[in-house]
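Visitor: Dropping in entry-v6.txt, with compact mmCIF, C-alpha atoms and all ligand atoms.
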```
# COMPACT_ATOMS: atom_id res chain seq x y z
CA ARG L 1 18.57 -8.21 7.52
CA ILE L 2 16.63 -7.83 4.28
CA PRO L 3 18.46 -5.65 1.70
CA LEU L 4 15.88 -3.01 0.75
CA LEU L 5 15.67 -0.43 -2.02
CA LEU L 6 12.90 2.09 -1.50
CA ASP L 7 11.50 4.07 -4.47
CA VAL L 8 9.60 7.18 -3.34
CA ASP L 9 7.92 10.45 -4.40
CA THR L 10 8.20 12.08 -0.96
CA GLY L 11 5.30 13.00 -0.12
CA VAL L 12 3.80 12.94 3.38
CA ASP L 13 3.12 9.20 3.68
CA ASP L 14 6.36 8.43 1.80
CA ALA L 15 8.25 10.30 4.54
CA ILE L 16 6.53 8.17 7.17
CA ALA L 17 7.33 5.04 5.13
CA ILE L 18 11.03 6.00 5.14
CA ALA L 19 10.92 6.35 8.93
CA LEU L 20 9.24 2.95 9.25
CA ALA L 21 11.82 1.29 6.97
CA LEU L 22 14.66 2.70 9.07
CA ARG L 23 13.09 1.88 12.42
CA LEU L 24 11.69 -1.60 11.84
CA GLY L 25 15.17 -3.02 12.39
CA VAL L 26 14.74 -5.77 9.79
CA PHE L 27 16.02 -3.93 6.72
CA ASP L 28 19.42 -2.98 5.39
CA LEU L 29 18.35 0.15 3.48
CA VAL L 30 20.77 0.05 0.54
CA GLY L 31 19.36 3.15 -1.13
CA VAL L 32 16.37 5.36 -1.78
CA THR L 33 15.42 6.31 -5.34
CA THR L 34 13.21 9.28 -6.14
CA VAL L 35 10.62 9.95 -8.80
CA ALA L 36 8.32 12.81 -9.76
CA GLY L 37 4.80 12.25 -8.43
CA ASN L 38 3.25 13.91 -5.42
CA VAL L 39 5.36 16.96 -6.26
CA GLU L 40 8.09 17.65 -8.84
CA LEU L 41 11.31 15.63 -8.87
CA GLU L 42 13.55 18.33 -7.38
CA ARG L 43 11.21 18.48 -4.41
CA THR L 44 10.71 14.73 -3.94
CA THR L 45 14.50 14.32 -4.03
CA GLU L 46 15.22 17.18 -1.65
CA ASN L 47 12.45 16.02 0.70
CA THR L 48 13.85 12.50 0.71
CA ARG L 49 17.37 13.70 1.50
CA ARG L 50 16.12 15.94 4.30
CA VAL L 51 13.88 13.26 5.83
CA LEU L 52 16.76 10.76 5.90
CA ALA L 53 19.03 13.35 7.54
CA TRP L 54 16.30 14.22 10.07
CA LEU L 55 16.19 10.54 11.01
CA GLY L 56 19.98 10.27 11.35
CA ALA L 57 20.39 8.38 8.06
CA ALA L 58 22.02 10.98 5.78
CA ASP L 59 24.53 8.32 4.71
CA VAL L 60 21.87 6.30 2.82
CA PRO L 61 22.38 6.99 -0.94
CA VAL L 62 19.56 8.91 -2.63
CA ALA L 63 19.49 8.43 -6.42
CA ARG L 64 17.44 10.95 -8.39
CA GLY L 65 15.09 9.40 -10.92
CA MET L 66 12.68 10.29 -13.70
CA SER L 67 11.29 13.82 -13.75
CA ARG L 68 8.08 12.95 -15.62
CA PRO L 69 5.97 9.93 -16.50
CA LEU L 70 6.94 7.76 -19.48
CA VAL L 71 4.63 9.29 -22.07
CA ARG L 72 2.41 11.92 -20.46
CA PRO L 73 2.82 15.19 -18.59
CA LEU L 74 3.37 15.21 -14.84
CA ARG L 75 0.25 15.58 -12.71
CA THR L 76 1.12 16.14 -9.05
CA ALA L 77 -0.90 15.75 -5.84
CA ALA L 78 0.23 18.94 -4.09
CA ALA L 79 -3.30 19.54 -2.80
CA PHE L 80 -2.91 16.42 -0.66
CA HIS L 81 0.72 16.84 0.35
CA GLY L 82 1.07 20.64 0.57
CA GLU L 83 3.06 22.82 -1.81
CA ASN L 84 6.42 21.52 -0.55
CA GLY L 85 5.21 17.90 -0.49
CA LEU L 86 5.88 17.51 3.23
CA GLY L 87 2.75 19.21 4.50
CA GLY L 88 4.71 22.43 5.09
CA PHE L 89 7.37 20.75 7.26
CA GLU L 90 10.91 21.86 6.31
CA PRO L 91 13.56 19.66 7.91
CA PRO L 92 17.11 21.12 7.65
CA PRO L 93 19.15 20.33 4.50
CA SER L 94 21.11 17.09 4.38
CA PRO L 95 24.88 17.35 4.80
CA ALA L 96 25.37 14.44 2.34
CA ALA L 97 26.81 14.93 -1.16
CA THR L 98 24.36 14.32 -4.02
CA TYR L 99 24.52 10.87 -5.54
CA PRO L 100 25.81 10.55 -9.14
CA GLU L 101 23.76 7.60 -10.54
CA THR L 102 20.20 7.93 -11.78
CA ALA L 103 17.48 5.93 -10.03
CA PRO L 104 17.03 3.32 -12.81
CA GLU L 105 20.82 2.81 -12.97
CA PHE L 106 20.96 2.47 -9.20
CA MET L 107 18.15 -0.12 -9.31
CA VAL L 108 19.88 -2.20 -11.98
CA ARG L 109 23.34 -2.07 -10.39
CA THR L 110 22.03 -2.94 -6.94
CA ALA L 111 20.11 -5.93 -8.30
CA ARG L 112 23.07 -7.14 -10.37
CA GLU L 113 25.47 -6.89 -7.44
CA ARG L 114 23.29 -9.04 -5.17
CA PRO L 115 21.28 -11.30 -7.50
CA GLY L 116 18.12 -12.65 -5.91
CA GLU L 117 18.64 -10.78 -2.64
CA VAL L 118 17.26 -7.25 -2.85
CA THR L 119 13.63 -6.36 -2.12
CA PHE L 120 12.28 -3.28 -3.90
CA VAL L 121 9.45 -1.32 -2.29
CA CYS L 122 7.99 1.20 -4.76
CA VAL L 123 5.54 3.76 -3.39
CA GLY L 124 5.36 6.36 -6.16
CA PRO L 125 4.51 6.31 -9.88
CA LEU L 126 6.34 3.35 -11.43
CA THR L 127 8.42 5.32 -13.96
CA ASN L 128 11.84 4.42 -12.49
CA LEU L 129 11.11 0.71 -12.36
CA ALA L 130 9.75 0.74 -15.94
CA VAL L 131 12.95 2.40 -17.19
CA ALA L 132 15.08 -0.03 -15.15
CA LEU L 133 13.29 -2.94 -16.89
CA GLY L 134 14.28 -1.39 -20.20
CA LEU L 135 17.92 -1.11 -19.12
CA GLU L 136 18.04 -4.65 -17.74
CA PRO L 137 15.40 -7.07 -19.11
CA ASP L 138 16.73 -9.70 -16.67
CA LEU L 139 15.64 -7.60 -13.69
CA PRO L 140 12.77 -10.00 -12.84
CA ARG L 141 15.32 -12.74 -12.16
CA LEU L 142 17.67 -10.44 -10.26
CA VAL L 143 15.35 -9.01 -7.59
CA ARG L 144 13.95 -10.98 -4.69
CA ARG L 145 10.54 -9.35 -4.50
CA VAL L 146 8.85 -6.07 -5.38
CA VAL L 147 6.18 -4.59 -3.14
CA ILE L 148 4.23 -1.85 -4.89
CA MET L 149 1.83 0.66 -3.38
CA GLY L 150 -0.46 1.22 -6.31
CA GLY L 151 -3.88 0.45 -7.69
CA ALA L 152 -7.47 0.02 -6.55
CA TYR L 153 -8.61 -3.49 -7.42
CA THR L 154 -12.05 -3.92 -5.85
CA VAL L 155 -12.68 -0.36 -4.63
CA PRO L 156 -12.93 3.10 -6.29
CA GLY L 157 -9.82 5.19 -7.00
CA ASN L 158 -8.65 8.31 -5.19
CA SER L 159 -7.44 10.40 -8.15
CA THR L 160 -10.41 9.57 -10.39
CA PRO L 161 -13.38 7.26 -9.76
CA ALA L 162 -11.33 4.56 -11.53
CA ALA L 163 -7.71 5.20 -10.60
CA GLU L 164 -5.41 5.33 -7.61
CA PHE L 165 -2.83 8.16 -7.74
CA ASN L 166 0.40 6.21 -8.44
CA MET L 167 -1.23 4.32 -11.33
CA TYR L 168 -3.09 7.43 -12.52
CA ALA L 169 0.16 9.42 -12.63
CA ASP L 170 1.97 6.93 -14.89
CA PRO L 171 -0.37 4.20 -16.19
CA GLU L 172 1.98 3.19 -19.01
CA ALA L 173 4.77 2.51 -16.50
CA GLY L 174 2.34 0.65 -14.26
CA ASP L 175 1.15 -1.56 -17.11
CA LEU L 176 4.69 -2.31 -18.27
CA VAL L 177 5.73 -3.30 -14.75
CA ALA L 178 2.61 -5.44 -14.22
CA ARG L 179 3.19 -7.30 -17.50
CA SER L 180 6.85 -7.98 -16.65
CA GLY L 181 7.85 -11.14 -14.87
CA LEU L 182 8.82 -9.23 -11.71
CA PRO L 183 7.57 -11.05 -8.58
CA ILE L 184 5.18 -8.36 -7.32
CA THR L 185 2.93 -7.88 -4.32
CA PHE L 186 0.45 -5.09 -5.08
CA ILE L 187 -0.78 -3.04 -2.12
CA GLY L 188 -3.73 -0.98 -3.30
CA LEU L 189 -6.42 1.21 -1.79
CA ASP L 190 -8.38 -2.00 -1.02
CA VAL L 191 -6.04 -2.43 1.96
CA THR L 192 -4.42 0.98 2.52
CA HIS L 193 -7.80 2.60 3.18
CA GLN L 194 -8.11 0.27 6.16
CA VAL L 195 -4.95 1.50 7.91
CA VAL L 196 -5.15 5.00 9.37
CA LEU L 197 -3.70 7.47 11.84
CA ARG L 198 -6.62 9.04 13.70
CA ARG L 199 -6.82 12.74 14.60
CA ASP L 200 -6.67 12.04 18.35
CA GLU L 201 -3.47 10.02 17.88
CA TRP L 202 -1.97 12.83 15.83
CA GLU L 203 -2.97 15.40 18.47
CA ALA L 204 -1.28 13.33 21.18
CA LEU L 205 2.01 13.67 19.28
CA GLU L 206 2.22 17.38 20.12
CA VAL L 207 4.53 16.51 23.01
CA ALA L 208 6.54 13.83 21.17
CA SER L 209 10.32 14.26 21.19
CA ASP L 210 11.49 11.19 19.25
CA PRO L 211 12.49 12.35 15.71
CA ALA L 212 10.30 9.74 13.97
CA ALA L 213 7.24 10.63 16.05
CA ARG L 214 7.94 14.35 15.52
CA LEU L 215 8.19 13.75 11.78
CA VAL L 216 4.75 12.09 11.78
CA ARG L 217 3.37 15.01 13.76
CA GLU L 218 4.83 17.70 11.49
CA VAL L 219 4.15 16.20 8.06
CA CYS L 220 0.51 15.55 8.95
CA VAL L 221 -0.24 19.17 9.92
CA HIS L 222 -1.43 20.04 6.41
CA SER L 223 -3.75 17.01 6.31
CA PHE L 224 -5.38 17.46 9.71
CA VAL L 225 -5.39 21.28 9.87
CA VAL L 226 -5.62 22.59 6.29
CA ARG L 227 -7.50 19.70 4.68
CA GLY L 228 -9.38 18.97 7.88
CA ILE L 229 -9.40 15.18 7.55
CA GLU L 230 -10.15 12.92 10.52
CA ARG L 231 -8.24 9.80 9.38
CA PHE L 232 -4.88 9.86 7.61
CA HIS L 233 -4.34 6.89 5.29
CA LEU L 234 -1.03 5.09 5.81
CA HIS L 235 -0.66 3.94 2.17
CA ASP L 236 3.11 3.83 1.76
CA PRO L 237 3.96 2.67 5.32
CA LEU L 238 1.77 -0.40 4.76
CA ALA L 239 3.83 -1.40 1.71
CA VAL L 240 7.03 -1.17 3.79
CA ALA L 241 5.46 -3.22 6.58
CA VAL L 242 4.37 -5.94 4.14
CA ALA L 243 7.95 -6.24 2.86
CA ALA L 244 8.93 -7.08 6.45
CA ARG L 245 5.85 -9.15 7.30
CA PRO L 246 4.02 -10.55 4.26
CA GLY L 247 1.45 -12.20 6.54
CA LEU L 248 -0.10 -8.80 7.31
CA VAL L 249 -2.11 -9.06 4.09
CA ASP L 250 -4.29 -11.69 2.42
CA VAL L 251 -3.53 -11.90 -1.27
CA ARG L 252 -5.18 -13.16 -4.42
CA GLU L 253 -2.90 -14.54 -7.14
CA SER L 254 -3.89 -12.84 -10.37
CA GLY L 255 -2.71 -11.13 -13.51
CA VAL L 256 -2.92 -7.33 -13.40
CA GLU L 257 -3.57 -4.92 -16.25
CA VAL L 258 -3.47 -1.15 -16.02
CA VAL L 259 -5.72 0.85 -18.35
CA THR L 260 -3.59 3.17 -20.50
CA GLY L 261 -4.37 5.78 -23.14
CA LEU L 262 -6.48 8.90 -23.21
CA GLY L 263 -9.81 7.70 -21.82
CA GLU L 264 -11.12 8.61 -18.41
CA ARG L 265 -10.37 5.14 -17.05
CA ALA L 266 -6.57 5.59 -17.46
CA GLY L 267 -4.80 4.18 -14.41
CA GLU L 268 -7.59 1.76 -13.48
CA THR L 269 -6.17 -1.58 -12.33
CA LEU L 270 -7.87 -4.76 -13.49
CA LEU L 271 -7.56 -8.29 -12.12
CA VAL L 272 -7.26 -10.39 -15.26
CA ASP L 273 -6.43 -14.04 -15.69
CA ARG L 274 -5.21 -14.81 -19.15
CA PRO L 275 -2.63 -17.32 -20.40
CA GLY L 276 0.73 -15.61 -20.78
CA LEU L 277 -0.07 -12.77 -18.38
CA PRO L 278 2.20 -13.03 -15.31
CA ARG L 279 0.41 -13.58 -12.02
CA HIS L 280 1.15 -11.43 -9.00
CA ALA L 281 0.03 -11.31 -5.38
CA VAL L 282 -2.69 -8.66 -5.00
CA ALA L 283 -3.55 -7.71 -1.42
CA LEU L 284 -7.30 -7.71 -0.84
CA GLY L 285 -7.35 -8.04 2.96
CA VAL L 286 -5.21 -6.68 5.80
CA ASP L 287 -4.84 -7.34 9.52
CA ALA L 288 -5.24 -3.64 10.36
CA ASP L 289 -4.82 -4.19 14.11
CA ALA L 290 -1.54 -6.06 13.68
CA PHE L 291 -0.24 -3.39 11.31
CA GLY L 292 -1.40 -0.62 13.65
CA ALA L 293 0.38 -2.16 16.64
CA LEU L 294 3.58 -2.64 14.66
CA PHE L 295 3.42 0.87 13.20
CA ARG L 296 2.75 2.61 16.51
CA SER L 297 5.33 0.74 18.55
CA THR L 298 8.02 1.04 15.86
CA LEU L 299 7.65 4.81 15.48
CA GLY L 300 7.17 5.49 19.19
CA LEU L 301 3.62 6.77 18.68
CA ASP L 302 2.26 4.94 21.70
CA GLY L 303 4.67 6.37 24.24
CA THR L 304 7.31 3.66 23.66
CA PRO L 305 10.58 5.16 22.44
CA GLY L 306 11.12 4.15 18.81
C1 LIG P 1 -0.41 7.06 -3.11
O1 LIG P 1 -0.44 8.33 -3.76
C2 LIG P 1 0.43 9.23 -3.14
O2 LIG P 1 -0.15 10.49 -3.06
C3 LIG P 1 0.78 8.63 -1.82
O3 LIG P 1 2.09 8.99 -1.42
C4 LIG P 1 0.67 7.14 -2.05
O4 LIG P 1 1.87 6.62 -2.57
C5 LIG P 1 -1.79 6.75 -2.59
O5 LIG P 1 -2.71 6.71 -3.63
CA CA P 2 3.92 7.90 -2.48
```
For the structure just supplied, provide its representation as structure tokens.
Guide:
Amino acid sequence: RIPLLLDVDTGVDDAIAIALALRLGVFDLVGVTTVAGNVELERTTENTRRVLAWLGAADVPVARGMSRPLVRPLRTAAAFHGENGLGGFEPPPSPAATYPETAPEFMVRTARERPGEVTFVCVGPLTNLAVALGLEPDLPRLVRRVVIMGGAYTVPGNSTPAAEFNMYADPEAGDLVARSGLPITFIGLDVTHQVVLRRDEWEALEVASDPAARLVREVCVHSFVVRGIERFHLHDPLAVAVAARPGLVDVRESGVEVVTGLGERAGETLLVDRPGLPRHAVALGVDADAFGALFRSTLGLDGTPG
């Protein structure tokens, strides 16, 4: 099994990503770290704890992380995720005790304890990982791989015309992480906009009884009913799937820069090749059918029990 640390700002698609990580059967989920993003930190942490408990995984440690971006105020995405961040779904509280370490400390300790073994999947603003790099500059040599949901490399953004939400929320953290020597696979809107849950599939889940399928049904209510969308983008679940099966995406090796500062392009991600700038794998293509089949069968969305 692949030791996995998942960094989240739960969040509707984060919740589904947690379910996928637990159900794929290839990961040893060593912990989940939380960050402020889609909603405030108290909420993303509480949502994460409740989602894990709902899925029978209350024993997985949840380490609470940074409550605001590195240098700028928090800008949430509650319009997309509902006021409570879970599209109005309120799973019961977790019976687990709260975890004492902060998220960046948890990241560093986990990597130090198992050098070269742990995969990080980060699907929120990159604040925790940026702080962890400050605490342990050797982190790039200690982690196996980092898969990041963030950026829009050849397509427009979703928070602004230039920027995808996770990079828009904390561009300074994103830029610091991209300039580090961490071995990163970036999963941006270029590929996540190609993987969707359709309205008819969501409607069919009305009768689902499996907890993972029920979770998908409940957290998507706000999106399909209140926002009235027809296709729900599976951003964060795709990042989890790529950690299990890298072949799902086609990547370009490139340096990445994130636009920082006060201009309207803050959070824009640029593919840049320059000597000295570390190269990462940037996903520009995805086998959407293969992902869809894996996603649906794993979460019991196609009638198969998960
Ligand atoms: C990303 O932004 C968040 O709202 C989602 O959870 C996802 O991580 C997509 O841009
Ligand atoms: Ca997220």
Visitor: Kindly compile the residues surrounding ligand LIG 1 (chain P) within 10 Å, counting all atoms listed in the file, and format them as number ranges by chain.
Guide: L: 8-17, 37-39, 76-81, 85, 122-125, 148-152, 157-159, 163-169, 187-189, 192-193, 233-237, 239
Visitor: Could you check the closest approach to ligand CA 2 (chain P) for each of L:Ser180, L:Asp289, L:Val35, L:Ile2 and tell me which residue wins, using only C-alpha atoms and all ligand atoms?
Guide: L:Val35
Visitor: Of the residues L:Val118, L:Ile184, L:Val71, L:Ala208, which is the one nearest to Arg252 of chain L, using only C-alpha atoms?
Guide: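 Among L:Val118, L:Ile184, L:Val71, L:Ala208, it is L:Ile184 that comes nearest to Arg252 of chain L.
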Visitor: Find the residues around Asp287 of chain L up to 8 Å (only C-alpha atoms counted), leave out those fewer than 3 positions away in its own chain, and share them as a ChimeraX atom specification.
Guide: /L:248-249,290-291
Visitor: Just to confirm, what's the straight-line distance from atom CA of Thr45 of chain L to atom CA of Val62 of chain L in Å (one decimal)?
Guide: 7.5 Å
Visitor: I'd like the neighbourhood of Glu42 of chain L as a ChimeraX atom specification, where a residue qualifies if any of its atoms comes within 10 Å (using all atoms listed in the file), though same-chain residues fewer than 6 positions away should be ignored.
Guide: /L:34-36,48,64-65,67
Visitor: Which is closer to ligand CA 2 (chain P) than all the others in L:Val155, L:Val240, L:Val108, L:Leu262, using only C-alpha atoms and all ligand atoms?
Guide: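 Of the candidates, the smallest distance to ligand CA 2 (chain P) is held by L:Val240.
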Visitor: Separation of atom CA of Arg75 of chain L and atom CA of Asp7 of chain L, in Å?
Guide: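 Result for atom CA of Arg75 of chain L versus atom CA of Asp7 of chain L: 18.1 Å, one decimal.
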Visitor: Near segment 91-93 of chain L, counting all atoms listed in the file, which residues have an atom at most 12 Å away, once you skip same-chain residues fewer than 3 positions from it, shown as a list in words?
Guide: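 With the cut-off at 12 Å, the set is Ala15, Thr45, Glu46, Asn47, Thr48, Arg49, Arg50, Val51, Leu52, Ala53, Trp54, Leu55, Gly56, Ala58, Asn84, Gly85, Leu86, Gly87, Gly88, Ala96, Ala97, Thr98, Pro211, Arg214, Leu215, Glu218 and Val219 of chain L.
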